[in-house]
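Colleague: Structure file run_37.cif, mmCIF, N, CA and C atoms, is pasted below:
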data_data
#
loop_
_atom_site.label_atom_id
_atom_site.label_comp_id
_atom_site.auth_asym_id
_atom_site.auth_seq_id
_atom_site.Cartn_x
_atom_site.Cartn_y
_atom_site.Cartn_z
N MET I 6 -14.07 62.42 73.63
CA MET I 6 -14.62 62.28 72.29
C MET I 6 -13.67 61.50 71.40
N THR I 7 -12.36 61.64 71.59
CA THR I 7 -11.44 60.88 70.78
C THR I 7 -11.56 59.39 71.04
N SER I 8 -11.89 58.99 72.25
CA SER I 8 -12.04 57.57 72.52
C SER I 8 -13.21 56.99 71.73
N ASP I 9 -14.26 57.78 71.50
CA ASP I 9 -15.38 57.32 70.69
C ASP I 9 -14.94 57.10 69.25
N ASN I 10 -14.10 57.99 68.73
CA ASN I 10 -13.64 57.85 67.36
C ASN I 10 -12.74 56.64 67.20
N GLN I 11 -11.98 56.30 68.23
CA GLN I 11 -11.08 55.17 68.14
C GLN I 11 -11.80 53.85 68.38
N ALA I 12 -12.91 53.88 69.07
CA ALA I 12 -13.65 52.66 69.37
C ALA I 12 -14.33 52.15 68.10
N SER I 13 -14.35 50.85 67.98
CA SER I 13 -14.97 50.20 66.84
C SER I 13 -16.04 49.25 67.33
N PRO I 14 -17.10 49.02 66.54
CA PRO I 14 -18.12 48.07 66.96
C PRO I 14 -17.53 46.66 67.12
N LEU I 15 -16.40 46.40 66.47
CA LEU I 15 -15.77 45.09 66.56
C LEU I 15 -14.94 44.93 67.82
N ASP I 16 -14.63 46.03 68.51
CA ASP I 16 -13.74 45.98 69.66
C ASP I 16 -14.17 44.94 70.70
N GLU I 17 -15.44 44.84 70.97
CA GLU I 17 -15.91 43.93 71.99
C GLU I 17 -15.86 42.48 71.53
N ALA I 18 -16.00 42.25 70.23
CA ALA I 18 -16.10 40.89 69.72
C ALA I 18 -14.78 40.37 69.14
N GLU I 19 -13.72 41.18 69.19
CA GLU I 19 -12.47 40.77 68.58
C GLU I 19 -11.85 39.58 69.30
N ASN I 20 -11.30 38.67 68.50
CA ASN I 20 -10.54 37.59 69.11
C ASN I 20 -9.08 38.02 69.16
N PRO I 21 -8.25 37.30 69.88
CA PRO I 21 -6.85 37.72 70.03
C PRO I 21 -6.10 37.84 68.71
N ALA I 22 -6.37 36.98 67.73
CA ALA I 22 -5.68 37.04 66.45
C ALA I 22 -6.00 38.34 65.71
N VAL I 23 -7.27 38.74 65.75
CA VAL I 23 -7.68 39.98 65.10
C VAL I 23 -7.01 41.16 65.79
N GLN I 24 -7.02 41.15 67.11
CA GLN I 24 -6.40 42.25 67.86
C GLN I 24 -4.91 42.33 67.58
N GLN I 25 -4.26 41.18 67.45
CA GLN I 25 -2.82 41.15 67.17
C GLN I 25 -2.51 41.79 65.82
N VAL I 26 -3.32 41.48 64.81
CA VAL I 26 -3.12 42.07 63.48
C VAL I 26 -3.38 43.57 63.52
N LEU I 27 -4.44 43.99 64.18
CA LEU I 27 -4.75 45.41 64.27
C LEU I 27 -3.65 46.17 65.01
N ASP I 28 -3.14 45.57 66.07
CA ASP I 28 -2.04 46.21 66.82
C ASP I 28 -0.80 46.33 65.94
N ALA I 29 -0.50 45.30 65.18
CA ALA I 29 0.67 45.34 64.30
C ALA I 29 0.51 46.41 63.23
N MET I 30 -0.68 46.55 62.69
CA MET I 30 -0.92 47.58 61.69
C MET I 30 -0.77 48.97 62.30
N GLU I 31 -1.27 49.13 63.50
CA GLU I 31 -1.17 50.43 64.17
C GLU I 31 0.29 50.77 64.48
N SER I 32 1.05 49.81 64.96
CA SER I 32 2.45 50.07 65.31
C SER I 32 3.32 50.27 64.07
N ALA I 33 2.89 49.76 62.93
CA ALA I 33 3.66 49.92 61.70
C ALA I 33 3.51 51.32 61.12
N ALA I 34 2.55 52.08 61.60
CA ALA I 34 2.31 53.44 61.12
C ALA I 34 2.24 53.46 59.59
N ILE I 35 1.32 52.67 59.06
CA ILE I 35 1.19 52.57 57.61
C ILE I 35 0.55 53.83 57.03
N ASN I 36 0.86 54.09 55.76
CA ASN I 36 0.26 55.23 55.08
C ASN I 36 -1.01 54.75 54.37
N PRO I 37 -1.82 55.67 53.87
CA PRO I 37 -3.08 55.27 53.23
C PRO I 37 -2.90 54.32 52.04
N GLU I 38 -1.85 54.51 51.26
CA GLU I 38 -1.63 53.61 50.12
C GLU I 38 -1.34 52.19 50.60
N ASP I 39 -0.52 52.08 51.65
CA ASP I 39 -0.24 50.76 52.23
C ASP I 39 -1.53 50.13 52.75
N ALA I 40 -2.37 50.92 53.37
CA ALA I 40 -3.64 50.42 53.90
C ALA I 40 -4.52 49.88 52.78
N LEU I 41 -4.52 50.55 51.64
CA LEU I 41 -5.30 50.07 50.50
C LEU I 41 -4.73 48.75 49.97
N GLN I 42 -3.42 48.64 49.92
CA GLN I 42 -2.81 47.39 49.45
C GLN I 42 -3.10 46.25 50.42
N ILE I 43 -3.06 46.53 51.71
CA ILE I 43 -3.40 45.52 52.72
C ILE I 43 -4.86 45.12 52.55
N SER I 44 -5.72 46.08 52.28
CA SER I 44 -7.14 45.80 52.06
C SER I 44 -7.34 44.86 50.89
N LEU I 45 -6.56 45.05 49.84
CA LEU I 45 -6.67 44.19 48.66
C LEU I 45 -6.23 42.76 48.99
N VAL I 46 -5.17 42.62 49.77
CA VAL I 46 -4.72 41.29 50.19
C VAL I 46 -5.79 40.62 51.05
N LEU I 47 -6.37 41.37 51.98
CA LEU I 47 -7.43 40.82 52.82
C LEU I 47 -8.65 40.44 51.98
N LEU I 48 -8.96 41.24 50.99
CA LEU I 48 -10.08 40.93 50.11
C LEU I 48 -9.81 39.63 49.35
N ASN I 49 -8.59 39.43 48.90
CA ASN I 49 -8.23 38.17 48.23
C ASN I 49 -8.48 36.99 49.17
N PHE I 50 -8.11 37.15 50.43
CA PHE I 50 -8.31 36.10 51.43
C PHE I 50 -9.80 35.79 51.58
N VAL I 51 -10.61 36.83 51.68
CA VAL I 51 -12.06 36.65 51.84
C VAL I 51 -12.66 36.01 50.59
N GLU I 52 -12.17 36.40 49.42
CA GLU I 52 -12.68 35.81 48.17
C GLU I 52 -12.38 34.32 48.10
N GLU I 53 -11.19 33.91 48.56
CA GLU I 53 -10.86 32.48 48.59
C GLU I 53 -11.84 31.72 49.49
N TYR I 54 -12.11 32.28 50.65
CA TYR I 54 -13.06 31.68 51.57
C TYR I 54 -14.44 31.60 50.91
N HIS I 55 -14.81 32.65 50.22
CA HIS I 55 -16.10 32.72 49.53
C HIS I 55 -16.20 31.62 48.46
N LEU I 56 -15.11 31.41 47.72
CA LEU I 56 -15.10 30.36 46.69
C LEU I 56 -15.17 28.97 47.32
N ASP I 57 -14.54 28.80 48.47
CA ASP I 57 -14.65 27.52 49.18
C ASP I 57 -16.10 27.25 49.57
N ASN I 58 -16.80 28.29 50.00
CA ASN I 58 -18.22 28.13 50.34
C ASN I 58 -19.03 27.73 49.11
N LEU I 59 -18.69 28.28 47.95
CA LEU I 59 -19.39 27.92 46.72
C LEU I 59 -19.17 26.44 46.41
N GLU I 60 -17.95 25.97 46.58
CA GLU I 60 -17.68 24.55 46.33
C GLU I 60 -18.51 23.67 47.25
N GLU I 61 -18.65 24.09 48.50
CA GLU I 61 -19.49 23.34 49.44
C GLU I 61 -20.94 23.35 49.00
N LEU I 62 -21.43 24.52 48.55
CA LEU I 62 -22.82 24.60 48.08
C LEU I 62 -23.04 23.70 46.87
N LEU I 63 -22.09 23.70 45.96
CA LEU I 63 -22.22 22.88 44.76
C LEU I 63 -22.11 21.39 45.08
N GLY I 64 -21.43 21.07 46.18
CA GLY I 64 -21.28 19.68 46.60
C GLY I 64 -22.51 19.13 47.29
N ASP I 65 -23.36 20.01 47.80
CA ASP I 65 -24.59 19.56 48.46
C ASP I 65 -25.54 18.97 47.43
N GLU I 66 -26.24 17.90 47.85
CA GLU I 66 -27.21 17.28 46.94
C GLU I 66 -28.36 18.24 46.64
N GLN I 67 -28.85 18.91 47.66
CA GLN I 67 -29.91 19.90 47.49
C GLN I 67 -29.53 21.15 48.26
N PRO I 68 -28.80 22.06 47.60
CA PRO I 68 -28.38 23.28 48.31
C PRO I 68 -29.59 24.13 48.69
N ASP I 69 -29.48 24.76 49.82
CA ASP I 69 -30.53 25.63 50.35
C ASP I 69 -30.62 26.89 49.48
N ALA I 70 -31.81 27.23 49.04
CA ALA I 70 -32.01 28.40 48.17
C ALA I 70 -31.58 29.69 48.87
N ILE I 71 -31.82 29.79 50.15
CA ILE I 71 -31.43 30.99 50.90
C ILE I 71 -29.91 31.11 50.93
N SER I 72 -29.21 30.00 51.15
CA SER I 72 -27.75 30.02 51.16
C SER I 72 -27.19 30.48 49.82
N ILE I 73 -27.80 30.04 48.75
CA ILE I 73 -27.36 30.45 47.40
C ILE I 73 -27.61 31.94 47.21
N ALA I 74 -28.75 32.42 47.66
CA ALA I 74 -29.05 33.85 47.53
C ALA I 74 -28.08 34.70 48.36
N VAL I 75 -27.77 34.25 49.56
CA VAL I 75 -26.81 34.97 50.41
C VAL I 75 -25.44 34.95 49.77
N TRP I 76 -25.04 33.80 49.21
CA TRP I 76 -23.74 33.71 48.54
C TRP I 76 -23.69 34.68 47.37
N ALA I 77 -24.76 34.75 46.59
CA ALA I 77 -24.79 35.66 45.44
C ALA I 77 -24.71 37.12 45.88
N ALA I 78 -25.40 37.47 46.94
CA ALA I 78 -25.34 38.85 47.45
C ALA I 78 -23.93 39.17 47.94
N ASP I 79 -23.32 38.23 48.66
CA ASP I 79 -21.94 38.44 49.12
C ASP I 79 -20.99 38.56 47.94
N SER I 80 -21.23 37.79 46.91
CA SER I 80 -20.39 37.84 45.72
C SER I 80 -20.45 39.22 45.07
N ALA I 81 -21.64 39.78 45.01
CA ALA I 81 -21.80 41.13 44.44
C ALA I 81 -21.07 42.17 45.29
N ARG I 82 -21.15 42.04 46.61
CA ARG I 82 -20.44 42.96 47.50
C ARG I 82 -18.93 42.84 47.35
N LEU I 83 -18.44 41.62 47.25
CA LEU I 83 -17.01 41.40 47.06
C LEU I 83 -16.53 41.99 45.74
N LYS I 84 -17.34 41.82 44.71
CA LYS I 84 -16.97 42.37 43.40
C LYS I 84 -16.90 43.90 43.47
N ALA I 85 -17.87 44.52 44.11
CA ALA I 85 -17.88 45.98 44.24
C ALA I 85 -16.66 46.45 45.05
N ALA I 86 -16.34 45.73 46.11
CA ALA I 86 -15.17 46.11 46.93
C ALA I 86 -13.89 45.97 46.12
N ARG I 87 -13.75 44.89 45.37
CA ARG I 87 -12.55 44.69 44.54
C ARG I 87 -12.43 45.79 43.50
N GLU I 88 -13.52 46.11 42.83
CA GLU I 88 -13.48 47.16 41.81
C GLU I 88 -13.08 48.50 42.40
N LEU I 89 -13.61 48.80 43.57
CA LEU I 89 -13.25 50.06 44.24
C LEU I 89 -11.76 50.10 44.58
N LEU I 90 -11.27 49.04 45.22
CA LEU I 90 -9.86 49.01 45.60
C LEU I 90 -8.94 49.03 44.39
N GLU I 91 -9.29 48.26 43.36
CA GLU I 91 -8.44 48.23 42.17
C GLU I 91 -8.44 49.58 41.46
N GLU I 92 -9.60 50.25 41.47
CA GLU I 92 -9.67 51.57 40.83
C GLU I 92 -8.79 52.57 41.58
N VAL I 93 -8.88 52.56 42.88
CA VAL I 93 -8.09 53.50 43.67
C VAL I 93 -6.60 53.17 43.56
N LEU I 94 -6.25 51.89 43.72
CA LEU I 94 -4.85 51.49 43.65
C LEU I 94 -4.31 51.53 42.23
N GLY I 95 -5.14 51.15 41.28
CA GLY I 95 -4.69 51.06 39.89
C GLY I 95 -4.22 52.38 39.34
N GLU I 96 -4.91 53.46 39.62
CA GLU I 96 -4.52 54.78 39.12
C GLU I 96 -3.17 55.18 39.68
N ASP I 97 -2.97 54.98 40.98
CA ASP I 97 -1.70 55.36 41.62
C ASP I 97 -0.56 54.48 41.14
N GLU I 98 -0.81 53.16 41.04
CA GLU I 98 0.25 52.25 40.63
C GLU I 98 0.68 52.52 39.19
N GLU I 99 -0.29 52.79 38.30
CA GLU I 99 0.06 53.08 36.91
C GLU I 99 0.90 54.34 36.83
N ASP I 100 0.50 55.37 37.58
CA ASP I 100 1.26 56.62 37.58
C ASP I 100 2.67 56.39 38.12
N ASP I 101 2.78 55.63 39.22
CA ASP I 101 4.09 55.36 39.81
C ASP I 101 4.97 54.56 38.87
N LEU I 102 4.39 53.54 38.24
CA LEU I 102 5.18 52.72 37.34
C LEU I 102 5.65 53.51 36.14
N ASP I 103 4.78 54.35 35.58
CA ASP I 103 5.18 55.17 34.45
C ASP I 103 6.31 56.10 34.84
N GLY I 104 6.20 56.70 36.00
CA GLY I 104 7.23 57.62 36.47
C GLY I 104 8.55 56.91 36.72
N GLU I 105 8.49 55.71 37.28
CA GLU I 105 9.71 54.97 37.56
C GLU I 105 10.41 54.54 36.28
N GLU I 106 9.63 54.10 35.29
CA GLU I 106 10.23 53.68 34.04
C GLU I 106 10.91 54.85 33.35
N ASP I 107 10.27 56.03 33.36
CA ASP I 107 10.85 57.21 32.75
C ASP I 107 12.14 57.61 33.46
N ASP I 108 12.12 57.54 34.80
CA ASP I 108 13.31 57.91 35.57
C ASP I 108 14.46 56.96 35.27
N ASP I 109 14.16 55.65 35.18
CA ASP I 109 15.21 54.68 34.90
C ASP I 109 15.80 54.90 33.52
N ALA I 110 14.94 55.14 32.56
CA ALA I 110 15.41 55.35 31.19
C ALA I 110 16.27 56.60 31.11
N ASP I 111 15.84 57.68 31.78
CA ASP I 111 16.61 58.92 31.78
C ASP I 111 17.94 58.72 32.47
N GLY I 112 17.92 57.97 33.58
CA GLY I 112 19.14 57.74 34.33
C GLY I 112 20.16 56.95 33.53
N GLU I 113 19.69 55.95 32.79
CA GLU I 113 20.61 55.15 31.99
C GLU I 113 21.23 55.99 30.88
N GLU I 114 20.40 56.84 30.24
CA GLU I 114 20.91 57.66 29.15
C GLU I 114 21.95 58.65 29.66
N SER I 115 21.71 59.26 30.82
CA SER I 115 22.63 60.27 31.33
C SER I 115 23.94 59.63 31.78
N GLU I 116 23.87 58.36 32.26
CA GLU I 116 25.09 57.68 32.68
C GLU I 116 25.97 57.36 31.48
N GLU I 117 25.32 56.97 30.35
CA GLU I 117 26.07 56.61 29.15
C GLU I 117 26.69 57.82 28.50
N ALA I 118 26.04 58.98 28.61
CA ALA I 118 26.50 60.19 27.92
C ALA I 118 27.68 60.82 28.56
#
Can the structure from this file be put into structure tokens for me?

Modeller:
Amino acid sequence: MTSDNQASPLDEAENPAVQQVLDAMESAAINPEDALQISLVLLNFVEEYHLDNLEELLGDEQPDAISIAVWAADSARLKAARELLEEVLGEDEEDDLDGEEDDDADGEESEEA
């Protein structure tokens, strides 16, 4: 049963580059916060690709209406994914930054005293 949980629908279709990245992530033993940050970086990569596709669509003399509709739907999905990741990461990062600033300020004051 554990092999079913570890198996992914992408396992059969993965190319070597994808498998190499997944193996590196697994061997790095990342924590959930790191995984979220990696997700945000990957999302940035996908958004760049998405914007390149928009430039191609705008460069076409007569862009296909279906392609534009698919691009718009993908854009909405990317926006939702970004908002979710930023919301999850943003709360933790703000808390961490506030705590670090307070610790630094306290540490400086105690050293001077």

Colleague: Could you check how far atom CA of Ile35 of chain I sits from atom N of Leu47 of chain I, in Å to one decimal?

Modeller: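 Atom-to-atom, atom CA of Ile35 of chain I to atom N of Leu47 of chain I, that is 14.6 Å.
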
Colleague: Which residues, named as in the file, does the PyMOL selection byres (((chain I and resi 67-80 and name CA) around 12) and name CA) pick out? Answer as a list in words.

Modeller: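 Given this file, the PyMOL selection byres (((chain I and resi 67-80 and name CA) around 12) and name CA) evaluates to Leu48, Val51, Glu52, Glu53, Tyr54, His55, Leu56, Asp57, Asn58, Leu59, Glu60, Glu61, Leu62, Leu63, Gly64, Asp65, Glu66, Ala81, Arg82, Leu83, Lys84, Ala85, Ala86 and Arg87 of chain I.
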
Colleague: Could you jot down the atom C of Ala33 of chain I to atom CA of Leu89 of chain I separation for me, Å, one decimal place?

Modeller: 23.8 Å

Colleague: Can you tell me how far atom C of Ser44 of chain I sits from atom C of Leu90 of chain I, in Å to one decimal?

Modeller: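 One can read the atom C of Ser44 of chain I to atom C of Leu90 of chain I distance as 7.9 Å.
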